[in-house]
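Novice: Take this structure, written in structure tokens, and hold onto it; I'll ask about it next.
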Amino acid sequence: MTEQHGNVTVMGIGFTNTTLEGFMDSTIRPCLASEDKCFIVTANPEIVIATRDHPDFRETVQSADHVLPDGIGIINAAKMMGTPLQERVSGIDVMREMLAHAEEKGYSAYFLGAKETSNRKAAERAQKKFPDLKIAGRHHGYADLDDEAFVQDIATTRPDIIFVALGMMKQEHWIRRHMDRFDKGVFMGVGGSFDVLSGEAKRAPNIWIRFQLEWLYRLLKEPKRIFRVLKVAQFMMLHTPIISRIMRLFGFSKTRARGKG
């Protein structure tokens, strides 16, 4: 079994240094077996940049039990810092592993978020791929998600796993605000994973992922993602020592880079 090796800090965010299988063995399986609660954030460079620009979001991410490195930019940054992470652990891969384990052990999953079509198809496809999976319930993300009755309705289903697909920041804030209403559960923000699971969006082929070009594949498929790519570029600039020194030399501190200087 691959073990976890503490945390690796990137821009003030502590990433769990693990592998997909190691994380399942050391965290997910024991947590589900003991009916504990666990808050997982899968963070890419865009999320890390957002924690830098939004202090409340930084607090939410830092409150998580585990932050996983979901992005090759995080892996490369950690390597440049001399504190390498074992591997990229993507949210969609963790989600699929949890669904497989839930089917095997009889755990239930709740699907919250995304559009109604994506939400419904994601639950249906999960059920088709994992026939013995228990679906505790599902609900699209276009509702008053902070309504006490709404949250209580979800909690009464007593799900073992709660996938929250509300988009960056919103999904993590929702988990932090409401997980105390549940008596158990592994909570994870999954971003656009329902779209992938439902078949409405396709993940990059393995060859693109292997050559660290998943970002380019997604950009070609969705040109509007250019602004997200620019965030990744900003992240890498902040973690390239030579560029960072040049920026500081000419007075472009991190504060000025945010447009607040």
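Chains: A, B, ... in order of the structure tokens. Residues: from 1 per chain. Ligands: from 1, in order shown.
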Could you give me, as a PyMOL selection string, the residues within 12 Å of segment 146-149 of chain A, counting only C-alpha atoms and dropping anything in the same chain fewer than 3 positions from it?
Specialist: chain A and resi 141-143+152-156+170-171+173-179+181
Novice: When DSSP works through the backbone of this structure, what residues of segment 22-175 of chain A end up as helix (DSSP H, G or I), shown as a ChimeraX atom specification?
Specialist: /A:22-33,45-53,55-62,72-80,91-105,116-129,148-155,170-175
Novice: Output as a ChimeraX atom specification all residues of segment 82-141 of chain A that backbone DSSP marks as strand (DSSP E or B).
Specialist: /A:108-113,134-139
Novice: Please compute the atom CA of Leu145 of chain A-atom CA of Arg96 of chain A distance, one decimal, in Å.
Specialist: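 Spanning atom CA of Leu145 of chain A to atom CA of Arg96 of chain A is a straight-line distance of 24.8 Å.
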Novice: So the first atom is atom CA of His66 of chain A and the second is atom CA of Lys121 of chain A; what is the distance between them in Å, to one decimal place?
Specialist: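 Distance reported for this atom pair: 28.2 Å.
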